[in-house]
Amino acid sequence: MGNRGMEELIPLVNKLQDAFSSIGQACNLDLPQIAVVGGQSAGKSSVLENFVGRDFLPRGSGIVTRRPLVLQLINSSAEWAEFLHCKGKKFTDFDEVRQEIEGETDRVTGANKGISPVPINLRVYSPNVLNLTLIDLPGITKVPVGDQPADIEQQIRDMIMQFITRESCLILAVTPANTDLANSDALKLAKDVDPQGLRTIGVITKLDLMDEGTDARDVLENKLLPLRRGYIGVVNRSQKDIDGRKDIKAALEAERKFFLSHPAYRHMAEKMGTPRLQKMLNQQLTNHIRDTLPAFRSKLQSQLLALDKEAEEYRGYRPDDPSRKTKQLLQMVQQFSVDFEKRIEGSGDQVDTVELSGGAKINRIFHERFPFELVKMECDEKEMRREISYAIKNIHGIRTGLFTPDMAFEAIVKKQVIKLKEPCVKCVDMVIQELINTVRQCSNKLECFPMLREETERIVTSHIRDRESRAKDQVLLLIDIQLSYINTNHEDFIGFANAQQRSSQTNKSQSSAGNQVIRKGWLTINNISIMKGGAKEYWFVLTAESLSWFKDDEEKEKKYMLPLDNLKVRDVEKSFMSSKHIFCIFNTESRNVYKDNRTLELACDSQDDVDSWKSSLLRAGVYPEKTITVESEKTTSTDNFSMDPQLERKVETIRNLVDSYMAIVNKCIRDLMPKTIMHLMINNVKDFINAELLAQLYSAGDQNALMDESQEQAQRRDEVLRTHQALKEALAIIGDISTSTITVPLPPPVDTSWVGGSTGGRRSPPPSPTAPRRMSSGQRPAPRGAPPPPNRPGPLGPFNNSADSPQAPSRPNRAPPSIPSRRPPPSPTRQVPP
């Protein structure tokens, strides 16, 4: 071997591969390998069998290799094989190895030519091999066979690309000599993933099957269709030899005789053949592993550090220890309590930047959702005036009243206050749902103990439901308290004397608000026509008087300003193809809102954003559209009535009084609702978790059963410990490796633009009529009587006469002919160099 300082390195990588395969994907390391790529019947399997020296791969029609075969060759004094899927069983009969490969392939892919990317791992120990790790991939095919899908070619290409795209994978591109090398699928795939040719080695098979008078000498010398690492030629057994059970040792001897006796190859016979290819691959793989060792070690160390803390917790772990279970139960309950309080009260450590916590969502319910629900319950202006007029008339009865009756005011106010019950109860429901969601999120850390998690959720949720009825009773009591006494002596109540001035005061207060900015943010205008560019995103600024939008958040280029007068907002049903949530603004007087559009459709990424914008519009005086029922439509259409001026003044007075008093009630309810829910619900649940949850768990049943860990957790613990130990062993082994080795400088770059073309590289200009005709190396006779050329160099392939040195540059001015190229038999006067 050329790398005696690192003879143990390839077996080490094989050992690491087996260790990582046995623990799954926990250590997803890119281990160095050699992938064998080629077309169907290119001779890939024969090359591998020549390496091993045994017949062990399946033979037949169609795709023979239907699953990747990871072949690990290890030099040993004895000869035997073993599979990773039946580890411990030694195969000394290689016919049984072939049968096991066929059986394992059929088990996953079926018996009718199906394919699978799941690899078969085979390790072969033999005194006749050098340390190598190769992957035999399915041959590239064009036509489906058996029950193969129509896209079988694409599936095979995708499978091959999974392996050869890795930077640590060397590519062995196998091409038969009796086909056009410039159209080689193997070389085309290698060029796609390795354009610089740093990882690609060319192998030319079936040299003995070329037509008489043709040879591949120029290709093997890397003069035509050059590759950076060059080519090596091999001669495999023919089908007749295989059927006749010709011994591989005899086949290798025949291969050697072929290269020594063939006039086109005998000067490079020492650089050709399966043994030479095996040594070269061993050299390249060993150097490749050495080059990737620093990154390899770094990945191992980072994974080891990530598992250190978890492995330390699991080390010495005894699942059935009663004292451990008691201690862990206390720790789990305490951690659950801390997590719940942090999610509700907020915390500076471990801040979630992806979504709102339970406390933040409850805050939005208190200050955005609940006020919006209160406004939605306000009745329509016309309906309100009609009810007031009916109340006044019914109170006066048959008589005509001279004064505005107090009872009409109280009747209307009580009816409005009763409507507050629905949004208040809905607010309690929303808070309860957020509390239950928070409990579930906090219990995720208890998933290692499914019974403890289930019992904890049940106890806390039951307590929340118990507090729900008390909270709703208290909220309804607040409404009943408001109904019990209408306090017209409240300091904020305008009173009858000032009721007539209500409208002017409102206008003054609105004008004093000025252009106070209420909200800014991005919104998408959804109803721009496709001819004008379709939906576009703008930066919106909402003030007390207008809604403006700009090109971007610098607010330099204003696109439009929309006054808020007579505007209302309503929901728009989400379209089937859209992922956005939409609401629209419209004018109550049926005027165009924006250019030629009666509505302005605005889209947000989430429903929470829609609710937040609607709440901000509410603060600016843009109210939601009232939903009109069928009965109210009938009432509107049938009860058109006219009021005399005196009644109209009374209605206006009571209307202003109702507005003033309901503003006081709404202000009081909006203040008391969060306080009531906090006291009766949230704070009570926190105290319950801190003080009583542990006692409830102890009284619920057997504590040992509560702390039984899940099967997934037991598997996770075992996997972490095994992975941690494997990583430590791997780092220890790598730390002892001596990286002193014989190295070969990378050959210089060559022009590989011919790969994938029909003809290949650049064509030479037409020869001058006076210039002598340039002939190929097989056609160039030596002049009579001339002495042999002194020190004629050897073949300029991947290795020259000195061991494993780079090849000479190629001849760019020759057009690369397809293989085979016709040549006349060598001239009898040709002198063969030594």
# chains A, B, ... in the order shown; residues from 1 in each chain; ligands from 1
>>> residues_around(residues="A:Leu697", least_positions_apart="4", cutoff="10 Å", atoms="only C-alpha atoms", output="ChimeraX atom specification")
/A:329,333,452,455-456,459,692-693,701-703,706
>>> residues_around(residues="A:Thr274", least_positions_apart="6", cutoff="12 Å", atoms="only C-alpha atoms", output="compact mmCIF listing (two decimals) with C-alpha atoms, in the first residue's frame")
# COMPACT_ATOMS: atom_id res chain seq x y z
CA SER A 46 -17.80 -7.01 -12.32
CA VAL A 47 -15.30 -4.37 -11.18
CA LEU A 48 -16.45 -4.86 -7.57
CA GLU A 49 -16.25 -8.65 -7.87
CA ASN A 50 -12.71 -8.34 -9.21
CA PHE A 51 -11.83 -6.27 -6.13
CA VAL A 52 -13.20 -8.95 -3.82
CA GLY A 53 -12.01 -11.89 -5.89
CA VAL A 129 -8.36 -6.96 -0.82
CA LEU A 130 -7.13 -3.54 0.13
CA VAL A 203 -12.82 3.68 -15.45
CA ILE A 204 -12.93 2.18 -18.95
CA THR A 205 -14.30 -1.39 -19.10
CA ILE A 232 -7.79 3.43 -15.72
CA GLY A 233 -8.68 0.57 -18.05
CA VAL A 234 -9.88 -2.83 -16.81
CA VAL A 235 -10.89 -6.09 -18.49
CA ASN A 236 -13.72 -7.99 -16.81
CA ARG A 237 -14.93 -11.52 -17.36
CA ILE A 248 -11.52 -14.49 -10.80
CA LYS A 249 -7.83 -15.07 -10.10
CA ALA A 251 -9.51 -13.61 -14.94
CA LEU A 252 -7.12 -11.16 -13.31
CA GLU A 253 -4.16 -13.04 -14.80
CA ALA A 254 -5.86 -12.94 -18.21
CA GLU A 255 -6.40 -9.21 -17.75
CA ARG A 256 -2.70 -8.72 -17.05
CA PHE A 259 -2.48 -5.42 -21.33
CA MET A 280 -5.26 3.98 -6.69
CA LEU A 281 -8.67 4.05 -5.01
>>> closest_residue(among="A:Glu545, A:Glu313, A:Asp208, A:Asp151", to="A:Leu567", atoms="only C-alpha atoms")
A:Glu545
>>> residues_around(residues="A:Asn587", least_positions_apart="2", cutoff="10 Å", atoms="only C-alpha atoms", output="VMD selection string")
chain A and resid 564 to 569 585 589 to 593 598 to 600
>>> atom_distance(atom1="atom CA of A:Glu719", atom2="atom CA of A:Gln72")
25.1 Å
>>> residues_around(residues="A:Leu694", least_positions_apart="4", cutoff="8 Å", atoms="only C-alpha atoms", output="PDB file with all heavy atoms, in the first residue's frame")
ATOM      1  N   LEU A 330     -41.746  16.256  42.566  1.00  0.00           N
ATOM      2  CA  LEU A 330     -41.675  17.596  43.140  1.00  0.00           C
ATOM      3  C   LEU A 330     -41.069  18.590  42.155  1.00  0.00           C
ATOM      4  O   LEU A 330     -41.559  19.714  41.998  1.00  0.00           O
ATOM      5  CB  LEU A 330     -40.850  17.565  44.431  1.00  0.00           C
ATOM      6  CG  LEU A 330     -41.438  16.777  45.610  1.00  0.00           C
ATOM      7  CD1 LEU A 330     -40.433  16.680  46.742  1.00  0.00           C
ATOM      8  CD2 LEU A 330     -42.719  17.442  46.103  1.00  0.00           C
ATOM      9  N   VAL A 333     -43.627  19.381  39.213  1.00  0.00           N
ATOM     10  CA  VAL A 333     -44.730  20.253  39.622  1.00  0.00           C
ATOM     11  C   VAL A 333     -44.230  21.678  39.837  1.00  0.00           C
ATOM     12  O   VAL A 333     -44.879  22.651  39.429  1.00  0.00           O
ATOM     13  CB  VAL A 333     -45.404  19.711  40.900  1.00  0.00           C
ATOM     14  CG1 VAL A 333     -46.430  20.703  41.423  1.00  0.00           C
ATOM     15  CG2 VAL A 333     -46.071  18.373  40.612  1.00  0.00           C
ATOM     16  N   ILE A 689     -52.266  26.216  41.611  1.00  0.00           N
ATOM     17  CA  ILE A 689     -51.125  25.433  41.115  1.00  0.00           C
ATOM     18  C   ILE A 689     -49.983  25.454  42.125  1.00  0.00           C
ATOM     19  O   ILE A 689     -49.334  24.437  42.382  1.00  0.00           O
ATOM     20  CB  ILE A 689     -50.672  25.970  39.738  1.00  0.00           C
ATOM     21  CG1 ILE A 689     -51.758  25.705  38.684  1.00  0.00           C
ATOM     22  CG2 ILE A 689     -49.358  25.336  39.310  1.00  0.00           C
ATOM     23  CD1 ILE A 689     -51.466  26.311  37.327  1.00  0.00           C
ATOM     24  N   TYR A 698     -51.019  13.782  44.719  1.00  0.00           N
ATOM     25  CA  TYR A 698     -50.784  12.709  45.695  1.00  0.00           C
ATOM     26  C   TYR A 698     -52.073  11.967  46.025  1.00  0.00           C
ATOM     27  O   TYR A 698     -52.066  10.748  46.243  1.00  0.00           O
ATOM     28  CB  TYR A 698     -50.163  13.292  46.972  1.00  0.00           C
ATOM     29  CG  TYR A 698     -48.656  13.312  46.940  1.00  0.00           C
ATOM     30  CD1 TYR A 698     -47.959  14.507  46.793  1.00  0.00           C
ATOM     31  CD2 TYR A 698     -47.928  12.136  47.049  1.00  0.00           C
ATOM     32  CE1 TYR A 698     -46.575  14.536  46.764  1.00  0.00           C
ATOM     33  CE2 TYR A 698     -46.538  12.152  47.023  1.00  0.00           C
ATOM     34  CZ  TYR A 698     -45.867  13.339  46.879  1.00  0.00           C
ATOM     35  OH  TYR A 698     -44.487  13.358  46.832  1.00  0.00           O
TER      36      TYR A 698
END
>>> atom_distance(atom1="atom CA of A:Ile120", atom2="atom CA of A:Leu307")
28.9 Å
>>> closest_residue(among="A:Ile115, A:Ile734, A:Cys442, A:Met268", to="A:Gln334", atoms="only C-alpha atoms")
A:Cys442
>>> atom_distance(atom1="atom CA of A:Val417", atom2="atom CA of A:Pro405")
19.2 Å
>>> select_by_dssp(residues="stretch 259-488 of chain A", states="helix (DSSP H, G or I)", output="VMD selection string")
chain A and resid 259 to 261 266 to 271 274 to 314 322 to 345 358 to 376 381 to 396 406 to 418 421 to 446 450 to 484
>>> residues_around(residues="A:Ile164", least_positions_apart="4", cutoff="12 Å", atoms="only C-alpha atoms", output="MDAnalysis selection string")
chainID A and resid 30 32:37 134:137 157:160 168:173 186:187 189:194 199:200
>>> write_last_selection(atoms="N, CA and C atoms", output="PDB file, in the first residue's frame")
ATOM      1  N   ASP A  30     -21.022  13.163   7.310  1.00  0.00           N
ATOM      2  CA  ASP A  30     -20.745  12.902   5.908  1.00  0.00           C
ATOM      3  C   ASP A  30     -19.442  12.127   5.797  1.00  0.00           C
ATOM      4  N   PRO A  32     -16.440   9.782   4.333  1.00  0.00           N
ATOM      5  CA  PRO A  32     -15.880   9.619   2.990  1.00  0.00           C
ATOM      6  C   PRO A  32     -16.159   8.227   2.422  1.00  0.00           C
ATOM      7  N   GLN A  33     -16.565   8.183   1.155  1.00  0.00           N
ATOM      8  CA  GLN A  33     -16.872   6.928   0.474  1.00  0.00           C
ATOM      9  C   GLN A  33     -16.535   7.074  -1.010  1.00  0.00           C
ATOM     10  N   ILE A  34     -16.598   5.937  -1.721  1.00  0.00           N
ATOM     11  CA  ILE A  34     -16.438   5.947  -3.177  1.00  0.00           C
ATOM     12  C   ILE A  34     -17.731   5.413  -3.785  1.00  0.00           C
ATOM     13  N   ALA A  35     -18.379   6.221  -4.618  1.00  0.00           N
ATOM     14  CA  ALA A  35     -19.623   5.812  -5.267  1.00  0.00           C
ATOM     15  C   ALA A  35     -19.317   5.345  -6.678  1.00  0.00           C
ATOM     16  N   VAL A  36     -19.813   4.147  -7.013  1.00  0.00           N
ATOM     17  CA  VAL A  36     -19.591   3.567  -8.343  1.00  0.00           C
ATOM     18  C   VAL A  36     -20.805   3.901  -9.195  1.00  0.00           C
ATOM     19  N   VAL A  37     -20.602   4.708 -10.245  1.00  0.00           N
ATOM     20  CA  VAL A  37     -21.689   5.212 -11.081  1.00  0.00           C
ATOM     21  C   VAL A  37     -21.462   4.767 -12.514  1.00  0.00           C
ATOM     22  N   LEU A 134     -16.832   1.209  -0.836  1.00  0.00           N
ATOM     23  CA  LEU A 134     -17.464   1.581  -2.108  1.00  0.00           C
ATOM     24  C   LEU A 134     -18.975   1.440  -1.987  1.00  0.00           C
ATOM     25  N   ILE A 135     -19.690   2.209  -2.819  1.00  0.00           N
ATOM     26  CA  ILE A 135     -21.148   2.119  -2.886  1.00  0.00           C
ATOM     27  C   ILE A 135     -21.521   1.785  -4.322  1.00  0.00           C
ATOM     28  N   ASP A 136     -22.100   0.601  -4.522  1.00  0.00           N
ATOM     29  CA  ASP A 136     -22.567   0.197  -5.842  1.00  0.00           C
ATOM     30  C   ASP A 136     -23.990   0.721  -6.018  1.00  0.00           C
ATOM     31  N   LEU A 137     -24.179   1.644  -6.973  1.00  0.00           N
ATOM     32  CA  LEU A 137     -25.482   2.271  -7.201  1.00  0.00           C
ATOM     33  C   LEU A 137     -26.175   1.646  -8.403  1.00  0.00           C
ATOM     34  N   ARG A 157     -31.651   8.560 -11.100  1.00  0.00           N
ATOM     35  CA  ARG A 157     -30.769   9.729 -11.087  1.00  0.00           C
ATOM     36  C   ARG A 157     -30.831  10.439  -9.734  1.00  0.00           C
ATOM     37  N   ASP A 158     -32.046  10.592  -9.200  1.00  0.00           N
ATOM     38  CA  ASP A 158     -32.182  11.246  -7.894  1.00  0.00           C
ATOM     39  C   ASP A 158     -31.456  10.456  -6.808  1.00  0.00           C
ATOM     40  N   MET A 159     -31.571   9.101  -6.872  1.00  0.00           N
ATOM     41  CA  MET A 159     -30.906   8.264  -5.879  1.00  0.00           C
ATOM     42  C   MET A 159     -29.386   8.426  -5.982  1.00  0.00           C
ATOM     43  N   ILE A 160     -28.866   8.419  -7.195  1.00  0.00           N
ATOM     44  CA  ILE A 160     -27.421   8.578  -7.394  1.00  0.00           C
ATOM     45  C   ILE A 160     -26.965   9.947  -6.882  1.00  0.00           C
ATOM     46  N   SER A 168     -17.688  14.854   0.278  1.00  0.00           N
ATOM     47  CA  SER A 168     -16.743  13.844   0.761  1.00  0.00           C
ATOM     48  C   SER A 168     -16.821  12.546  -0.037  1.00  0.00           C
ATOM     49  N   CYS A 169     -17.566  12.530  -1.115  1.00  0.00           N
ATOM     50  CA  CYS A 169     -17.754  11.299  -1.892  1.00  0.00           C
ATOM     51  C   CYS A 169     -16.911  11.346  -3.168  1.00  0.00           C
ATOM     52  N   LEU A 170     -16.028  10.345  -3.341  1.00  0.00           N
ATOM     53  CA  LEU A 170     -15.303  10.186  -4.597  1.00  0.00           C
ATOM     54  C   LEU A 170     -16.203   9.461  -5.599  1.00  0.00           C
ATOM     55  N   ILE A 171     -16.107   9.849  -6.868  1.00  0.00           N
ATOM     56  CA  ILE A 171     -16.990   9.311  -7.906  1.00  0.00           C
ATOM     57  C   ILE A 171     -16.176   8.435  -8.845  1.00  0.00           C
ATOM     58  N   LEU A 172     -16.546   7.161  -8.935  1.00  0.00           N
ATOM     59  CA  LEU A 172     -15.918   6.234  -9.860  1.00  0.00           C
ATOM     60  C   LEU A 172     -16.851   6.101 -11.059  1.00  0.00           C
ATOM     61  N   ALA A 173     -16.542   6.835 -12.151  1.00  0.00           N
ATOM     62  CA  ALA A 173     -17.416   6.875 -13.327  1.00  0.00           C
ATOM     63  C   ALA A 173     -17.013   5.752 -14.277  1.00  0.00           C
ATOM     64  N   ALA A 186     -22.490   8.452 -16.865  1.00  0.00           N
ATOM     65  CA  ALA A 186     -21.729   8.531 -15.622  1.00  0.00           C
ATOM     66  C   ALA A 186     -20.891   9.800 -15.570  1.00  0.00           C
ATOM     67  N   LEU A 187     -20.185  10.097 -16.667  1.00  0.00           N
ATOM     68  CA  LEU A 187     -19.360  11.294 -16.693  1.00  0.00           C
ATOM     69  C   LEU A 187     -20.212  12.566 -16.674  1.00  0.00           C
ATOM     70  N   LEU A 189     -23.172  12.944 -15.132  1.00  0.00           N
ATOM     71  CA  LEU A 189     -23.600  13.157 -13.743  1.00  0.00           C
ATOM     72  C   LEU A 189     -22.443  13.668 -12.888  1.00  0.00           C
ATOM     73  N   ALA A 190     -21.242  13.083 -13.091  1.00  0.00           N
ATOM     74  CA  ALA A 190     -20.085  13.521 -12.315  1.00  0.00           C
ATOM     75  C   ALA A 190     -19.753  14.984 -12.606  1.00  0.00           C
ATOM     76  N   LYS A 191     -19.872  15.387 -13.880  1.00  0.00           N
ATOM     77  CA  LYS A 191     -19.576  16.779 -14.241  1.00  0.00           C
ATOM     78  C   LYS A 191     -20.571  17.727 -13.585  1.00  0.00           C
ATOM     79  N   ASP A 192     -21.833  17.300 -13.444  1.00  0.00           N
ATOM     80  CA  ASP A 192     -22.859  18.162 -12.854  1.00  0.00           C
ATOM     81  C   ASP A 192     -22.545  18.502 -11.402  1.00  0.00           C
ATOM     82  N   VAL A 193     -22.043  17.514 -10.652  1.00  0.00           N
ATOM     83  CA  VAL A 193     -21.803  17.741  -9.220  1.00  0.00           C
ATOM     84  C   VAL A 193     -20.348  18.041  -8.911  1.00  0.00           C
ATOM     85  N   ASP A 194     -19.453  17.761  -9.849  1.00  0.00           N
ATOM     86  CA  ASP A 194     -18.020  17.971  -9.628  1.00  0.00           C
ATOM     87  C   ASP A 194     -17.416  18.634 -10.859  1.00  0.00           C
ATOM     88  N   ARG A 199     -13.098  15.168  -7.710  1.00  0.00           N
ATOM     89  CA  ARG A 199     -13.511  13.919  -7.060  1.00  0.00           C
ATOM     90  C   ARG A 199     -13.796  12.802  -8.053  1.00  0.00           C
ATOM     91  N   THR A 200     -13.577  13.016  -9.353  1.00  0.00           N
ATOM     92  CA  THR A 200     -14.005  12.053 -10.373  1.00  0.00           C
ATOM     93  C   THR A 200     -12.816  11.254 -10.911  1.00  0.00           C
TER      94      THR A 200
END
>>> residues_around(residues="A:Ser184", least_positions_apart="3", cutoff="9 Å", atoms="only C-alpha atoms", output="MDAnalysis selection string")
chainID A and resid 38:39 173:176 179:181 187:189 755:756
>>> write_last_selection(atoms="all heavy atoms", output="tab-separated table (two decimals), in the first residue's frame")
chain	number	residue	atom	x	y	z
A	38	GLY	N	-22.52	4.36	-13.18
A	38	GLY	CA	-22.40	3.97	-14.58
A	38	GLY	C	-23.74	3.55	-15.14
A	38	GLY	O	-24.71	3.37	-14.41
A	39	GLY	N	-23.78	3.39	-16.45
A	39	GLY	CA	-25.00	2.94	-17.09
A	39	GLY	C	-25.25	1.46	-16.85
A	39	GLY	O	-24.41	0.74	-16.31
A	173	ALA	N	-16.54	6.83	-12.15
A	173	ALA	CA	-17.42	6.88	-13.33
A	173	ALA	C	-17.01	5.75	-14.28
A	173	ALA	O	-15.96	5.80	-14.92
A	173	ALA	CB	-17.31	8.23	-14.02
A	174	VAL	N	-17.86	4.72	-14.37
A	174	VAL	CA	-17.57	3.52	-15.17
A	174	VAL	C	-18.24	3.65	-16.53
A	174	VAL	O	-19.46	3.87	-16.61
A	174	VAL	CB	-18.06	2.26	-14.44
A	174	VAL	CG1	-17.76	1.02	-15.26
A	174	VAL	CG2	-17.40	2.16	-13.06
A	175	THR	N	-17.45	3.50	-17.59
A	175	THR	CA	-17.97	3.60	-18.96
A	175	THR	C	-17.38	2.48	-19.80
A	175	THR	O	-16.16	2.27	-19.77
A	175	THR	CB	-17.59	4.96	-19.59
A	175	THR	OG1	-18.05	6.01	-18.74
A	175	THR	CG2	-18.22	5.11	-20.96
A	176	PRO	N	-18.18	1.72	-20.54
A	176	PRO	CA	-17.63	0.68	-21.42
A	176	PRO	C	-16.91	1.30	-22.61
A	176	PRO	O	-17.31	2.35	-23.12
A	176	PRO	CB	-18.87	-0.12	-21.86
A	176	PRO	CG	-20.03	0.79	-21.64
A	176	PRO	CD	-19.66	1.70	-20.52
A	179	THR	N	-18.62	2.08	-26.34
A	179	THR	CA	-19.67	3.10	-26.51
A	179	THR	C	-19.00	4.45	-26.67
A	179	THR	O	-17.79	4.60	-26.49
A	179	THR	CB	-20.61	3.13	-25.28
A	179	THR	OG1	-19.85	3.47	-24.12
A	179	THR	CG2	-21.30	1.80	-25.08
A	180	ASP	N	-19.81	5.45	-27.00
A	180	ASP	CA	-19.30	6.80	-27.20
A	180	ASP	C	-19.04	7.44	-25.84
A	180	ASP	O	-19.97	7.72	-25.09
A	180	ASP	CB	-20.32	7.62	-27.99
A	180	ASP	CG	-19.79	9.01	-28.34
A	180	ASP	OD1	-18.65	9.31	-27.96
A	180	ASP	OD2	-20.52	9.77	-29.00
A	181	LEU	N	-17.78	7.68	-25.53
A	181	LEU	CA	-17.42	8.20	-24.23
A	181	LEU	C	-17.97	9.61	-24.01
A	181	LEU	O	-18.31	9.99	-22.89
A	181	LEU	CB	-15.89	8.21	-24.08
A	181	LEU	CG	-15.34	8.56	-22.69
A	181	LEU	CD1	-15.72	7.49	-21.70
A	181	LEU	CD2	-13.83	8.72	-22.75
A	187	LEU	N	-20.18	10.10	-16.67
A	187	LEU	CA	-19.36	11.29	-16.69
A	187	LEU	C	-20.21	12.57	-16.67
A	187	LEU	O	-19.82	13.58	-16.10
A	187	LEU	CB	-18.46	11.28	-17.93
A	187	LEU	CG	-17.35	10.22	-17.91
A	187	LEU	CD1	-16.64	10.17	-19.24
A	187	LEU	CD2	-16.36	10.51	-16.78
A	188	LYS	N	-21.38	12.51	-17.31
A	188	LYS	CA	-22.28	13.69	-17.29
A	188	LYS	C	-22.75	13.98	-15.87
A	188	LYS	O	-22.74	15.14	-15.42
A	188	LYS	CB	-23.48	13.42	-18.20
A	188	LYS	CG	-24.49	14.56	-18.24
A	188	LYS	CD	-23.88	15.79	-18.87
A	188	LYS	CE	-24.93	16.86	-19.13
A	188	LYS	NZ	-25.56	17.38	-17.91
A	189	LEU	N	-23.17	12.94	-15.13
A	189	LEU	CA	-23.60	13.16	-13.74
A	189	LEU	C	-22.44	13.67	-12.89
A	189	LEU	O	-22.61	14.56	-12.05
A	189	LEU	CB	-24.15	11.85	-13.16
A	189	LEU	CG	-25.53	11.41	-13.65
A	189	LEU	CD1	-25.88	10.03	-13.09
A	189	LEU	CD2	-26.60	12.41	-13.25
A	755	VAL	N	-17.78	16.99	-21.80
A	755	VAL	CA	-18.68	16.09	-21.08
A	755	VAL	C	-20.12	16.51	-21.34
A	755	VAL	O	-20.49	17.66	-21.16
A	755	VAL	CB	-18.40	16.12	-19.57
A	755	VAL	CG1	-19.42	15.27	-18.84
A	755	VAL	CG2	-17.00	15.61	-19.30
A	756	GLY	N	-20.94	15.59	-21.75
A	756	GLY	CA	-22.35	15.87	-21.99
A	756	GLY	C	-22.63	16.28	-23.42
A	756	GLY	O	-23.77	16.35	-23.84
>>> select_by_dssp(residues="stretch 397-569 of chain A", states="strand (DSSP E or B)", output="VMD selection string")
chain A and resid 517 to 525 536 to 543 546 to 550 558 to 563 567 to 569
